[in-house]
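**Q** Below you'll find the structure I mean.
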Amino acid sequence: MASRKCLIWDFDGTLGCRPGQWSGTLVQVLGRFAGIQIDIETVRPFMRRGFPWHSPDVVNPPMRPADLWWEAMLPVFEEAFVACGVSANQATRLAAKVRPAYIDLVEWKLFEDTKDVLEDLRRDGWSHAILSNHVPELPLLVEGLGLGPLIECVVNSATTGFEKPNPEAYRTALATIGATGNVWMIGDNITADVLGAEAAGLRAILVRTEDPRANRRAATLRDVRPFLDQEPAPGTG
């Protein structure tokens with residue numbers, strides 16, 4: 001995708017989301033398959049460690065089969081389920097249910113401004129790509145949510161082995177996209193989408209969240225455009 005105007009978007013929390021995220025998924029699995037109702041805050045601490053993006057300095061095998069990616073996550077899920085009061089054997093059975101529950105397209109949604117903003121920006125000559133720390137099925141989620149026609153490239157850490165904010169994540173995205181010059185990173189995570197991107201030489205915009213460390217902040221995707229219009233491409237100002 002050769003272009004002088006390219007926007008690289010984070011996915012989860014920026015373009016779309018699964019309400020409840022990982023913690024909500026495990027709560028859902030407990031209720032559906034074990035008849036256990038539990039507060040999401042009981043699960044949340046266990047979802048803050050053990051995922052590949054919690055160790056961005058570690059490079060994972062590129063092109064790892066999806067089954068192996070999920071297999072590596074089973075101990076994280078099992079530990080959380082045991083902490084919720086189930087036996088080790090039952091935790092193992094429940095952990096196997098997390099994958100289909102998490103990637104169930106019915107549970108995912110786009111933010112109300114996502115399609116309109118991406119379509120408007122594309123009409124103005126911007127190309128769109130996604131760079132995300134995500135599960136192997138991310139491209140299927142992007143297509144299933146109707147973003148396929150708008151997104152020209154999906155660069156996923158589960159495929160490349162590089163998790164944001166590892167500098168190689170952004171370098172890999174730029175090499176895959178083939179775009180130079182007027183390229184931006186946009187996302188909701190100050191570390192992964194803004195500070196890491198800026199350290200790699202990209203201009204970045206924090207969206208949907210606030211953090212004083214961000215040089216550019218947009219409350220919604222509709223608030224991104226002013227930054228794009230006001231700042232000339234590197235080397236043109």
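Note on naming: chains are A, B, ... as they come in the structure tokens, residues start from 1 per chain, ligands start from 1 in the order shown.
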Contacts of segment 227-234 of chain A at 12 Å or less, counting only C-alpha atoms, minus same-chain residues fewer than 3 places along, as a compact mmCIF listing (two decimals) with all heavy atoms, in the first residue's frame?
**A**
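Okay, selection-v2.txt is ready:
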```
# COMPACT_ATOMS: atom_id res chain seq x y z
N ARG A 4 1.37 8.54 0.45
CA ARG A 4 1.99 9.60 1.23
C ARG A 4 1.09 10.00 2.39
O ARG A 4 1.49 10.75 3.26
CB ARG A 4 2.25 10.82 0.34
CG ARG A 4 3.25 10.59 -0.76
CD ARG A 4 4.65 10.38 -0.24
NE ARG A 4 5.16 11.53 0.48
CZ ARG A 4 6.31 11.56 1.14
NH1 ARG A 4 7.04 10.47 1.18
NH2 ARG A 4 6.71 12.64 1.75
N LYS A 5 -0.13 9.49 2.42
CA LYS A 5 -1.06 9.85 3.49
C LYS A 5 -1.66 8.56 4.06
O LYS A 5 -2.54 7.96 3.45
CB LYS A 5 -2.17 10.76 2.97
CG LYS A 5 -1.71 12.12 2.49
CD LYS A 5 -2.84 12.89 1.84
CE LYS A 5 -3.98 13.17 2.80
NZ LYS A 5 -5.02 14.02 2.22
N CYS A 6 -1.15 8.14 5.20
CA CYS A 6 -1.61 6.88 5.77
C CYS A 6 -1.87 7.04 7.26
O CYS A 6 -1.06 7.61 8.00
CB CYS A 6 -0.56 5.80 5.55
SG CYS A 6 -1.06 4.18 6.21
N LEU A 7 -3.00 6.53 7.70
CA LEU A 7 -3.36 6.52 9.11
C LEU A 7 -3.30 5.08 9.62
O LEU A 7 -3.95 4.20 9.07
CB LEU A 7 -4.77 7.08 9.32
CG LEU A 7 -4.98 8.50 8.79
CD1 LEU A 7 -6.44 8.92 8.97
CD2 LEU A 7 -4.05 9.49 9.48
N LEU A 121 -12.30 10.29 5.77
CA LEU A 121 -10.87 10.48 5.61
C LEU A 121 -10.36 9.80 4.34
O LEU A 121 -9.46 10.32 3.66
CB LEU A 121 -10.13 9.95 6.83
CG LEU A 121 -10.31 10.77 8.11
CD1 LEU A 121 -9.77 10.03 9.32
CD2 LEU A 121 -9.62 12.12 7.98
N ASP A 124 -10.75 11.88 1.43
CA ASP A 124 -9.75 12.95 1.38
C ASP A 124 -8.35 12.43 1.06
O ASP A 124 -7.37 13.17 1.19
CB ASP A 124 -9.72 13.69 2.72
CG ASP A 124 -10.93 14.60 2.90
OD1 ASP A 124 -11.63 14.86 1.89
OD2 ASP A 124 -11.18 15.04 4.03
N GLY A 125 -8.27 11.16 0.68
CA GLY A 125 -6.99 10.63 0.22
C GLY A 125 -6.18 9.87 1.24
O GLY A 125 -5.05 9.46 0.95
N TRP A 126 -6.74 9.66 2.43
CA TRP A 126 -6.02 8.91 3.45
C TRP A 126 -6.24 7.41 3.29
O TRP A 126 -7.37 6.97 3.08
CB TRP A 126 -6.48 9.33 4.85
CG TRP A 126 -6.06 10.72 5.23
CD1 TRP A 126 -6.80 11.86 5.09
CD2 TRP A 126 -4.81 11.11 5.79
NE1 TRP A 126 -6.09 12.94 5.54
CE2 TRP A 126 -4.85 12.52 5.98
CE3 TRP A 126 -3.65 10.42 6.16
CZ2 TRP A 126 -3.79 13.24 6.51
CZ3 TRP A 126 -2.59 11.13 6.69
CH2 TRP A 126 -2.66 12.52 6.86
N THR A 180 5.49 6.07 3.54
CA THR A 180 6.46 6.93 4.21
C THR A 180 5.94 8.35 4.17
O THR A 180 5.05 8.69 3.40
CB THR A 180 7.83 6.87 3.52
OG1 THR A 180 7.68 7.29 2.15
CG2 THR A 180 8.41 5.47 3.55
N GLY A 181 6.51 9.18 5.03
CA GLY A 181 6.14 10.60 5.00
C GLY A 181 4.99 10.92 5.91
O GLY A 181 5.13 10.94 7.14
N ASN A 182 3.82 11.14 5.33
CA ASN A 182 2.66 11.61 6.10
C ASN A 182 1.92 10.42 6.70
O ASN A 182 0.87 9.99 6.21
CB ASN A 182 1.74 12.42 5.19
CG ASN A 182 0.83 13.35 5.99
OD1 ASN A 182 0.89 13.38 7.22
ND2 ASN A 182 0.02 14.11 5.30
N VAL A 183 2.47 9.86 7.77
CA VAL A 183 1.93 8.67 8.43
C VAL A 183 1.69 8.99 9.90
O VAL A 183 2.54 9.57 10.57
CB VAL A 183 2.90 7.47 8.30
CG1 VAL A 183 2.29 6.24 8.93
CG2 VAL A 183 3.26 7.23 6.84
N TRP A 184 0.53 8.60 10.39
CA TRP A 184 0.16 8.83 11.78
C TRP A 184 -0.24 7.51 12.44
O TRP A 184 -0.77 6.61 11.79
CB TRP A 184 -1.05 9.77 11.88
CG TRP A 184 -0.83 11.17 11.41
CD1 TRP A 184 -0.73 11.60 10.12
CD2 TRP A 184 -0.72 12.33 12.23
NE1 TRP A 184 -0.57 12.96 10.08
CE2 TRP A 184 -0.57 13.44 11.37
CE3 TRP A 184 -0.77 12.56 13.61
CZ2 TRP A 184 -0.44 14.75 11.83
CZ3 TRP A 184 -0.65 13.86 14.08
CH2 TRP A 184 -0.48 14.93 13.20
N MET A 185 -0.03 7.44 13.77
CA MET A 185 -0.54 6.35 14.60
C MET A 185 -1.62 6.92 15.49
O MET A 185 -1.42 7.96 16.13
CB MET A 185 0.59 5.75 15.45
CG MET A 185 0.14 4.63 16.38
SD MET A 185 -0.06 3.04 15.53
CE MET A 185 -1.44 2.33 16.48
N ILE A 186 -2.76 6.24 15.57
CA ILE A 186 -3.90 6.73 16.34
C ILE A 186 -4.44 5.60 17.20
O ILE A 186 -4.74 4.51 16.71
CB ILE A 186 -5.02 7.25 15.41
CG1 ILE A 186 -4.47 8.33 14.45
CG2 ILE A 186 -6.18 7.82 16.23
CD1 ILE A 186 -5.41 8.68 13.32
N GLY A 201 9.39 7.37 15.74
CA GLY A 201 9.44 8.39 14.71
C GLY A 201 8.12 8.74 14.06
O GLY A 201 8.09 9.50 13.08
N LEU A 202 7.01 8.21 14.59
CA LEU A 202 5.69 8.52 14.04
C LEU A 202 5.02 9.64 14.83
O LEU A 202 5.25 9.78 16.04
CB LEU A 202 4.80 7.28 14.09
CG LEU A 202 5.17 6.11 13.18
CD1 LEU A 202 4.34 4.88 13.54
CD2 LEU A 202 4.94 6.48 11.73
N ARG A 203 4.21 10.41 14.16
CA ARG A 203 3.32 11.32 14.88
C ARG A 203 2.11 10.52 15.36
O ARG A 203 1.68 9.58 14.69
CB ARG A 203 2.89 12.46 13.97
CG ARG A 203 4.04 13.38 13.60
CD ARG A 203 3.62 14.47 12.66
NE ARG A 203 3.22 13.91 11.37
CZ ARG A 203 2.71 14.65 10.37
NH1 ARG A 203 2.51 15.94 10.55
NH2 ARG A 203 2.38 14.09 9.23
N ALA A 204 1.60 10.88 16.53
CA ALA A 204 0.56 10.05 17.14
C ALA A 204 -0.52 10.91 17.79
O ALA A 204 -0.26 12.04 18.23
CB ALA A 204 1.17 9.11 18.18
N ILE A 205 -1.72 10.33 17.85
CA ILE A 205 -2.88 11.00 18.47
C ILE A 205 -3.52 10.02 19.44
O ILE A 205 -3.83 8.88 19.09
CB ILE A 205 -3.91 11.42 17.41
CG1 ILE A 205 -3.27 12.34 16.35
CG2 ILE A 205 -5.10 12.13 18.08
CD1 ILE A 205 -4.18 12.61 15.16
N LEU A 206 -3.72 10.47 20.67
CA LEU A 206 -4.44 9.68 21.68
C LEU A 206 -5.93 9.95 21.52
O LEU A 206 -6.36 11.11 21.52
CB LEU A 206 -3.98 10.06 23.08
CG LEU A 206 -4.61 9.27 24.24
CD1 LEU A 206 -4.14 7.82 24.23
CD2 LEU A 206 -4.27 9.93 25.58
N VAL A 207 -6.74 8.90 21.40
CA VAL A 207 -8.18 9.07 21.25
C VAL A 207 -8.94 8.34 22.35
O VAL A 207 -8.47 7.34 22.89
CB VAL A 207 -8.68 8.57 19.86
CG1 VAL A 207 -8.10 9.41 18.75
CG2 VAL A 207 -8.34 7.10 19.65
N ASN A 215 0.78 14.62 23.43
CA ASN A 215 0.88 15.93 22.78
C ASN A 215 -0.38 16.27 22.02
O ASN A 215 -0.72 17.44 21.84
CB ASN A 215 2.08 15.95 21.83
CG ASN A 215 3.40 15.86 22.55
OD1 ASN A 215 3.60 16.51 23.57
ND2 ASN A 215 4.31 15.05 22.03
N ARG A 216 -1.08 15.23 21.56
CA ARG A 216 -2.30 15.44 20.79
C ARG A 216 -3.37 14.50 21.35
O ARG A 216 -3.15 13.29 21.42
CB ARG A 216 -2.08 15.14 19.31
CG ARG A 216 -0.89 15.86 18.69
CD ARG A 216 -0.63 15.35 17.27
NE ARG A 216 0.59 15.87 16.70
CZ ARG A 216 1.80 15.33 16.84
NH1 ARG A 216 1.92 14.20 17.57
NH2 ARG A 216 2.85 15.86 16.29
N ARG A 217 -4.52 15.06 21.72
CA ARG A 217 -5.60 14.26 22.28
C ARG A 217 -6.90 14.56 21.55
O ARG A 217 -7.24 15.72 21.32
CB ARG A 217 -5.77 14.53 23.78
CG ARG A 217 -4.66 13.95 24.63
CD ARG A 217 -4.88 14.25 26.10
NE ARG A 217 -4.56 15.64 26.40
CZ ARG A 217 -4.77 16.22 27.59
NH1 ARG A 217 -5.32 15.54 28.56
NH2 ARG A 217 -4.43 17.47 27.78
N ALA A 218 -7.66 13.51 21.22
CA ALA A 218 -8.94 13.67 20.53
C ALA A 218 -9.99 12.88 21.31
O ALA A 218 -9.82 11.68 21.55
CB ALA A 218 -8.85 13.17 19.09
N LEU A 221 -13.15 10.01 17.37
CA LEU A 221 -12.46 9.94 16.09
C LEU A 221 -12.76 11.17 15.24
O LEU A 221 -11.95 11.56 14.39
CB LEU A 221 -12.86 8.67 15.33
CG LEU A 221 -12.54 7.33 15.99
CD1 LEU A 221 -12.68 6.20 14.97
CD2 LEU A 221 -11.16 7.32 16.63
N ARG A 222 -13.89 11.79 15.46
CA ARG A 222 -14.23 13.00 14.70
C ARG A 222 -13.30 14.16 15.03
O ARG A 222 -13.21 15.13 14.26
CB ARG A 222 -15.69 13.39 14.95
CG ARG A 222 -16.69 12.38 14.42
CD ARG A 222 -18.12 12.89 14.50
NE ARG A 222 -19.03 11.93 13.90
CZ ARG A 222 -19.68 10.98 14.56
NH1 ARG A 222 -19.49 10.88 15.88
NH2 ARG A 222 -20.49 10.15 13.96
N ASP A 223 -12.63 14.08 16.17
CA ASP A 223 -11.73 15.15 16.58
C ASP A 223 -10.30 14.94 16.10
O ASP A 223 -9.40 15.71 16.43
CB ASP A 223 -11.74 15.27 18.12
CG ASP A 223 -13.13 15.55 18.65
OD1 ASP A 223 -13.76 16.50 18.16
OD2 ASP A 223 -13.59 14.81 19.55
N VAL A 224 -10.09 13.90 15.31
CA VAL A 224 -8.76 13.61 14.78
C VAL A 224 -8.40 14.54 13.63
O VAL A 224 -7.27 15.00 13.49
CB VAL A 224 -8.68 12.14 14.33
CG1 VAL A 224 -7.47 11.90 13.44
CG2 VAL A 224 -8.64 11.21 15.54
N GLY A 237 6.69 21.31 5.60
CA GLY A 237 6.31 22.53 6.28
C GLY A 237 7.37 23.60 6.21
O GLY A 237 8.49 23.40 5.79
```
**Q** DSSP on the backbone, helix (DSSP H, G or I) only: what residues of segment 13-227 of chain A does that give? Format it as a PyMOL selection string.
**A** chain A and resi 21-34+40-48+52-54+66-83+88-102+105-107+114-123+138-144+157-160+167-177+190-199+221-223+225-227
**Q** For Glu107 of chain A, list every protein, DNA or RNA residue within 8 Å, evaluated using only C-alpha atoms, and leave out those in the same chain fewer than 3 positions away; present the list as a PDB file with C-alpha atoms, in the first residue's frame.
**A**
```
ATOM      1  CA  ARG A  18     -15.770  -6.223  23.076  1.00  0.00           C
ATOM      2  CA  PRO A  19     -17.678  -4.888  26.127  1.00  0.00           C
ATOM      3  CA  TYR A 102     -13.895 -14.095  22.993  1.00  0.00           C
ATOM      4  CA  ILE A 103     -13.926 -14.117  19.192  1.00  0.00           C
ATOM      5  CA  ASP A 104     -17.696 -14.505  18.890  1.00  0.00           C
TER       6      ASP A 104
END
```
**Q** Would you pick out the contacts of Asp211 of chain A at 12 Å or less, using only C-alpha atoms, so that residues sharing its chain but fewer than 6 positions from it are not included, and give the list as a short mmCIF file (atom, residue, chain, number, x, y, z; two decimals) with N, CA, C and O atoms, in the first residue's frame?
**A**
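The resulting file, selection-v3.cif, is reproduced below:
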```
data_model
loop_
_atom_site.label_atom_id
_atom_site.label_comp_id
_atom_site.auth_asym_id
_atom_site.auth_seq_id
_atom_site.Cartn_x
_atom_site.Cartn_y
_atom_site.Cartn_z
N ASP A 188 -5.96 4.42 21.59
CA ASP A 188 -6.45 4.81 22.91
C ASP A 188 -5.47 4.52 24.04
O ASP A 188 -5.76 4.83 25.19
N ASN A 189 -4.32 3.92 23.73
CA ASN A 189 -3.36 3.55 24.77
C ASN A 189 -2.15 4.46 24.70
O ASN A 189 -1.45 4.50 23.69
N ILE A 190 -1.89 5.19 25.79
CA ILE A 190 -0.83 6.19 25.78
C ILE A 190 0.53 5.56 25.51
O ILE A 190 1.37 6.13 24.81
N THR A 191 0.77 4.38 26.05
CA THR A 191 2.08 3.74 25.89
C THR A 191 2.21 3.08 24.53
O THR A 191 3.17 3.33 23.78
N VAL A 194 0.86 5.86 21.47
CA VAL A 194 1.35 7.23 21.38
C VAL A 194 2.85 7.31 21.70
O VAL A 194 3.66 7.59 20.82
N LEU A 195 3.22 7.04 22.92
CA LEU A 195 4.62 7.20 23.31
C LEU A 195 5.52 6.24 22.53
O LEU A 195 6.60 6.62 22.07
N ILE A 205 -1.72 10.33 17.85
CA ILE A 205 -2.88 11.00 18.47
C ILE A 205 -3.52 10.02 19.44
O ILE A 205 -3.83 8.88 19.09
N ARG A 217 -4.52 15.06 21.72
CA ARG A 217 -5.60 14.26 22.28
C ARG A 217 -6.90 14.56 21.55
O ARG A 217 -7.24 15.72 21.32
N ALA A 218 -7.66 13.51 21.22
CA ALA A 218 -8.94 13.67 20.53
C ALA A 218 -9.99 12.88 21.31
O ALA A 218 -9.82 11.68 21.55
N ALA A 219 -11.06 13.54 21.69
CA ALA A 219 -12.09 12.88 22.49
C ALA A 219 -12.76 11.76 21.69
O ALA A 219 -13.09 10.70 22.24
#
```
**Q** Might you pull out every residue within 10 Å of Ile177 of chain A, with only C-alpha atoms counted and same-chain residues fewer than 5 positions away left off, and present them as a ChimeraX atom specification?
**A** /A:1-3,6,8,127-130,152-155,171-172
**Q** Restricted to all heavy atoms, what would the selected residues look like written as an mmCIF file, in the first residue's frame?
**A**
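Result went into part24.cif, see below:
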```cif
data_model
loop_
_atom_site.group_PDB
_atom_site.id
_atom_site.type_symbol
_atom_site.label_atom_id
_atom_site.label_comp_id
_atom_site.auth_asym_id
_atom_site.auth_seq_id
_atom_site.Cartn_x
_atom_site.Cartn_y
_atom_site.Cartn_z
ATOM 1 N N MET A 1 0.854 -1.182 0.000
ATOM 2 C CA MET A 1 0.000 0.000 0.000
ATOM 3 C C MET A 1 0.888 1.228 0.000
ATOM 4 O O MET A 1 1.346 1.687 1.044
ATOM 5 C CB MET A 1 -0.896 0.005 1.231
ATOM 6 C CG MET A 1 -1.804 1.204 1.334
ATOM 7 S SD MET A 1 -2.938 1.069 2.725
ATOM 8 C CE MET A 1 -1.812 0.990 4.088
ATOM 9 N N ALA A 2 1.238 1.763 -1.147
ATOM 10 C CA ALA A 2 2.081 2.936 -1.240
ATOM 11 C C ALA A 2 1.215 4.182 -1.139
ATOM 12 O O ALA A 2 0.282 4.366 -1.895
ATOM 13 C CB ALA A 2 2.851 2.920 -2.559
ATOM 14 N N SER A 3 1.553 5.055 -0.209
ATOM 15 C CA SER A 3 0.756 6.264 -0.025
ATOM 16 C C SER A 3 1.547 7.279 0.770
ATOM 17 O O SER A 3 2.331 6.918 1.646
ATOM 18 C CB SER A 3 -0.555 5.943 0.712
ATOM 19 O OG SER A 3 -1.238 7.141 1.014
ATOM 20 N N CYS A 6 -1.148 8.144 5.199
ATOM 21 C CA CYS A 6 -1.606 6.880 5.771
ATOM 22 C C CYS A 6 -1.870 7.039 7.265
ATOM 23 O O CYS A 6 -1.055 7.612 7.998
ATOM 24 C CB CYS A 6 -0.561 5.796 5.553
ATOM 25 S SG CYS A 6 -1.064 4.181 6.210
ATOM 26 N N ILE A 8 -2.502 4.868 10.647
ATOM 27 C CA ILE A 8 -2.391 3.545 11.264
ATOM 28 C C ILE A 8 -3.207 3.570 12.546
ATOM 29 O O ILE A 8 -2.912 4.349 13.464
ATOM 30 C CB ILE A 8 -0.928 3.189 11.574
ATOM 31 C CG1 ILE A 8 -0.068 3.302 10.309
ATOM 32 C CG2 ILE A 8 -0.843 1.793 12.161
ATOM 33 C CD1 ILE A 8 1.409 3.064 10.561
ATOM 34 N N SER A 127 -5.172 6.643 3.395
ATOM 35 C CA SER A 127 -5.272 5.194 3.442
ATOM 36 C C SER A 127 -5.308 4.762 4.902
ATOM 37 O O SER A 127 -4.737 5.425 5.772
ATOM 38 C CB SER A 127 -4.085 4.539 2.739
ATOM 39 O OG SER A 127 -4.069 4.869 1.370
ATOM 40 N N HIS A 128 -5.964 3.636 5.170
ATOM 41 C CA HIS A 128 -6.107 3.149 6.544
ATOM 42 C C HIS A 128 -5.458 1.792 6.719
ATOM 43 O O HIS A 128 -5.614 0.893 5.877
ATOM 44 C CB HIS A 128 -7.588 3.025 6.910
ATOM 45 C CG HIS A 128 -8.347 4.298 6.831
ATOM 46 N ND1 HIS A 128 -8.034 5.403 7.584
ATOM 47 C CD2 HIS A 128 -9.443 4.648 6.079
ATOM 48 C CE1 HIS A 128 -8.896 6.383 7.311
ATOM 49 N NE2 HIS A 128 -9.742 5.946 6.392
ATOM 50 N N ALA A 129 -4.740 1.649 7.829
ATOM 51 C CA ALA A 129 -4.171 0.368 8.219
ATOM 52 C C ALA A 129 -4.432 0.175 9.704
ATOM 53 O O ALA A 129 -4.752 1.130 10.423
ATOM 54 C CB ALA A 129 -2.674 0.326 7.933
ATOM 55 N N ILE A 130 -4.317 -1.050 10.160
ATOM 56 C CA ILE A 130 -4.458 -1.359 11.582
ATOM 57 C C ILE A 130 -3.156 -1.967 12.079
ATOM 58 O O ILE A 130 -2.571 -2.835 11.424
ATOM 59 C CB ILE A 130 -5.621 -2.341 11.822
ATOM 60 C CG1 ILE A 130 -6.970 -1.629 11.638
ATOM 61 C CG2 ILE A 130 -5.546 -2.953 13.225
ATOM 62 C CD1 ILE A 130 -8.182 -2.546 11.738
ATOM 63 N N GLU A 152 -6.815 -1.317 4.449
ATOM 64 C CA GLU A 152 -5.995 -1.907 3.394
ATOM 65 C C GLU A 152 -4.959 -2.884 3.917
ATOM 66 O O GLU A 152 -4.401 -3.672 3.147
ATOM 67 C CB GLU A 152 -5.325 -0.797 2.588
ATOM 68 C CG GLU A 152 -6.336 0.105 1.887
ATOM 69 C CD GLU A 152 -5.677 1.086 0.939
ATOM 70 O OE1 GLU A 152 -4.584 0.779 0.421
ATOM 71 O OE2 GLU A 152 -6.248 2.163 0.722
ATOM 72 N N CYS A 153 -4.710 -2.843 5.235
ATOM 73 C CA CYS A 153 -3.675 -3.713 5.769
ATOM 74 C C CYS A 153 -3.895 -3.893 7.265
ATOM 75 O O CYS A 153 -4.161 -2.915 7.973
ATOM 76 C CB CYS A 153 -2.300 -3.092 5.513
ATOM 77 S SG CYS A 153 -0.923 -4.094 6.081
ATOM 78 N N VAL A 154 -3.825 -5.131 7.753
ATOM 79 C CA VAL A 154 -3.909 -5.422 9.182
ATOM 80 C C VAL A 154 -2.574 -6.028 9.613
ATOM 81 O O VAL A 154 -2.178 -7.090 9.127
ATOM 82 C CB VAL A 154 -5.056 -6.408 9.506
ATOM 83 C CG1 VAL A 154 -5.041 -6.765 10.991
ATOM 84 C CG2 VAL A 154 -6.398 -5.800 9.114
ATOM 85 N N VAL A 155 -1.880 -5.338 10.500
ATOM 86 C CA VAL A 155 -0.609 -5.817 11.052
ATOM 87 C C VAL A 155 -0.875 -6.192 12.502
ATOM 88 O O VAL A 155 -1.155 -5.324 13.338
ATOM 89 C CB VAL A 155 0.494 -4.748 10.942
ATOM 90 C CG1 VAL A 155 1.814 -5.286 11.488
ATOM 91 C CG2 VAL A 155 0.650 -4.295 9.494
ATOM 92 N N ARG A 171 8.013 -0.518 13.041
ATOM 93 C CA ARG A 171 8.845 -0.699 11.848
ATOM 94 C C ARG A 171 8.255 -1.764 10.934
ATOM 95 O O ARG A 171 8.240 -1.608 9.706
ATOM 96 C CB ARG A 171 10.270 -1.067 12.252
ATOM 97 C CG ARG A 171 10.990 0.025 13.025
ATOM 98 C CD ARG A 171 12.433 -0.330 13.294
ATOM 99 N NE ARG A 171 13.046 0.636 14.194
ATOM 100 C CZ ARG A 171 13.582 0.335 15.378
ATOM 101 N NH1 ARG A 171 13.596 -0.931 15.787
ATOM 102 N NH2 ARG A 171 14.116 1.276 16.137
ATOM 103 N N THR A 172 7.770 -2.835 11.545
ATOM 104 C CA THR A 172 7.148 -3.891 10.745
ATOM 105 C C THR A 172 5.896 -3.376 10.044
ATOM 106 O O THR A 172 5.648 -3.690 8.877
ATOM 107 C CB THR A 172 6.795 -5.094 11.636
ATOM 108 O OG1 THR A 172 7.982 -5.603 12.235
ATOM 109 C CG2 THR A 172 6.124 -6.199 10.822
#
```
**Q** Just checking: using only C-alpha atoms, which residue out of A:Gln28, A:Gln37, A:Thr160, A:Ser132 ends up closest to Gly16 of chain A?
**A**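 Residue with the minimum atom-to-atom distance to Gly16 of chain A: A:Ser132.
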**Q** Hey, which of A:Thr92, A:Thr25, A:Ser157, A:Thr114 ends up closest to Ala66 of chain A? Count only C-alpha atoms.
**A**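 Closest to Ala66 of chain A of all the choices is A:Ser157.
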**Q** Please provide as a short mmCIF file (atom, residue, chain, number, x, y, z; two decimals) with all heavy atoms, in the first residue's frame all residues within 10 Å of Cys84 of chain A, with the sequence filter that same-chain residues fewer than 4 positions apart are discarded (counting only C-alpha atoms).
**A**
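Result went into out-v7.cif, see below:
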```
data_model
loop_
_atom_site.label_atom_id
_atom_site.label_comp_id
_atom_site.auth_asym_id
_atom_site.auth_seq_id
_atom_site.Cartn_x
_atom_site.Cartn_y
_atom_site.Cartn_z
N VAL A 27 -16.00 -13.97 32.82
CA VAL A 27 -17.23 -13.94 33.60
C VAL A 27 -18.36 -14.60 32.82
O VAL A 27 -19.15 -15.37 33.36
CB VAL A 27 -17.59 -12.49 33.98
CG1 VAL A 27 -19.02 -12.42 34.53
CG2 VAL A 27 -16.60 -11.94 35.00
N LEU A 30 -17.86 -18.41 32.82
CA LEU A 30 -18.23 -18.97 34.13
C LEU A 30 -19.74 -19.09 34.27
O LEU A 30 -20.25 -20.11 34.76
CB LEU A 30 -17.67 -18.09 35.25
CG LEU A 30 -16.23 -18.32 35.68
CD1 LEU A 30 -15.75 -17.18 36.56
CD2 LEU A 30 -16.09 -19.65 36.41
N ILE A 36 -21.84 -20.12 37.45
CA ILE A 36 -21.26 -19.30 38.52
C ILE A 36 -21.35 -17.84 38.12
O ILE A 36 -20.87 -17.43 37.07
CB ILE A 36 -19.79 -19.68 38.77
CG1 ILE A 36 -19.70 -21.13 39.27
CG2 ILE A 36 -19.15 -18.73 39.77
CD1 ILE A 36 -18.28 -21.63 39.42
N GLN A 37 -21.98 -17.05 38.95
CA GLN A 37 -22.08 -15.62 38.74
C GLN A 37 -21.06 -14.93 39.64
O GLN A 37 -21.06 -15.12 40.85
CB GLN A 37 -23.49 -15.12 39.06
CG GLN A 37 -24.59 -15.84 38.29
CD GLN A 37 -24.44 -15.71 36.79
OE1 GLN A 37 -24.07 -14.65 36.28
NE2 GLN A 37 -24.72 -16.79 36.06
N ILE A 38 -20.18 -14.14 39.04
CA ILE A 38 -19.11 -13.53 39.80
C ILE A 38 -18.87 -12.11 39.31
O ILE A 38 -19.13 -11.80 38.14
CB ILE A 38 -17.83 -14.38 39.69
CG1 ILE A 38 -16.87 -14.05 40.82
CG2 ILE A 38 -17.16 -14.23 38.34
CD1 ILE A 38 -15.82 -15.11 41.04
N ASP A 39 -18.42 -11.26 40.19
CA ASP A 39 -18.15 -9.87 39.85
C ASP A 39 -16.93 -9.78 38.94
O ASP A 39 -15.93 -10.47 39.15
CB ASP A 39 -17.91 -9.05 41.12
CG ASP A 39 -17.81 -7.57 40.81
OD1 ASP A 39 -18.84 -6.89 40.79
OD2 ASP A 39 -16.67 -7.11 40.58
N THR A 42 -13.37 -9.41 40.28
CA THR A 42 -12.66 -10.58 40.81
C THR A 42 -11.72 -11.17 39.77
O THR A 42 -10.64 -11.68 40.10
CB THR A 42 -13.67 -11.65 41.26
OG1 THR A 42 -14.56 -11.09 42.23
CG2 THR A 42 -12.97 -12.86 41.87
N VAL A 43 -12.11 -11.07 38.53
CA VAL A 43 -11.33 -11.64 37.43
C VAL A 43 -10.27 -10.67 36.92
O VAL A 43 -9.17 -11.08 36.52
CB VAL A 43 -12.26 -12.05 36.27
CG1 VAL A 43 -11.47 -12.61 35.10
CG2 VAL A 43 -13.31 -13.03 36.75
N GLU A 78 -6.80 -20.56 33.25
CA GLU A 78 -7.01 -21.56 34.30
C GLU A 78 -6.76 -20.97 35.68
O GLU A 78 -7.52 -21.22 36.63
CB GLU A 78 -6.09 -22.76 34.05
CG GLU A 78 -6.48 -23.58 32.83
CD GLU A 78 -5.42 -24.60 32.45
OE1 GLU A 78 -4.44 -24.75 33.22
OE2 GLU A 78 -5.56 -25.25 31.39
N GLU A 79 -5.70 -20.18 35.81
CA GLU A 79 -5.41 -19.56 37.11
C GLU A 79 -6.56 -18.67 37.55
O GLU A 79 -6.95 -18.67 38.73
CB GLU A 79 -4.12 -18.75 37.01
CG GLU A 79 -3.74 -18.06 38.33
CD GLU A 79 -2.57 -17.11 38.18
OE1 GLU A 79 -2.18 -16.79 37.04
OE2 GLU A 79 -2.06 -16.67 39.23
N ALA A 80 -7.10 -17.91 36.62
CA ALA A 80 -8.20 -17.01 36.95
C ALA A 80 -9.44 -17.80 37.38
O ALA A 80 -10.11 -17.44 38.36
CB ALA A 80 -8.53 -16.12 35.76
N ALA A 91 -11.46 -25.88 35.75
CA ALA A 91 -10.78 -24.70 35.19
C ALA A 91 -10.19 -25.02 33.83
O ALA A 91 -10.23 -24.18 32.91
CB ALA A 91 -9.71 -24.21 36.15
#
```
**Q** Do you know which residues are at most 10 Å from Thr220 of chain A counting only C-alpha atoms, after dropping those on the same chain fewer than 5 positions away, and could you put them as a PyMOL selection string?
**A** chain A and resi 14+111-114+117+206-209
**Q** Could you pull out the strand (DSSP E) residues of segment 34-137 of chain A, going by DSSP on the backbone, and write them as a ChimeraX atom specification?
**A** /A:109-110,127-132
**Q** If you measure from atom CA of Leu94 of chain A to atom CA of Leu138 of chain A, what distance in Å do you get, rounded to one decimal?
**A**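 These two atoms are separated by 22.2 Å.
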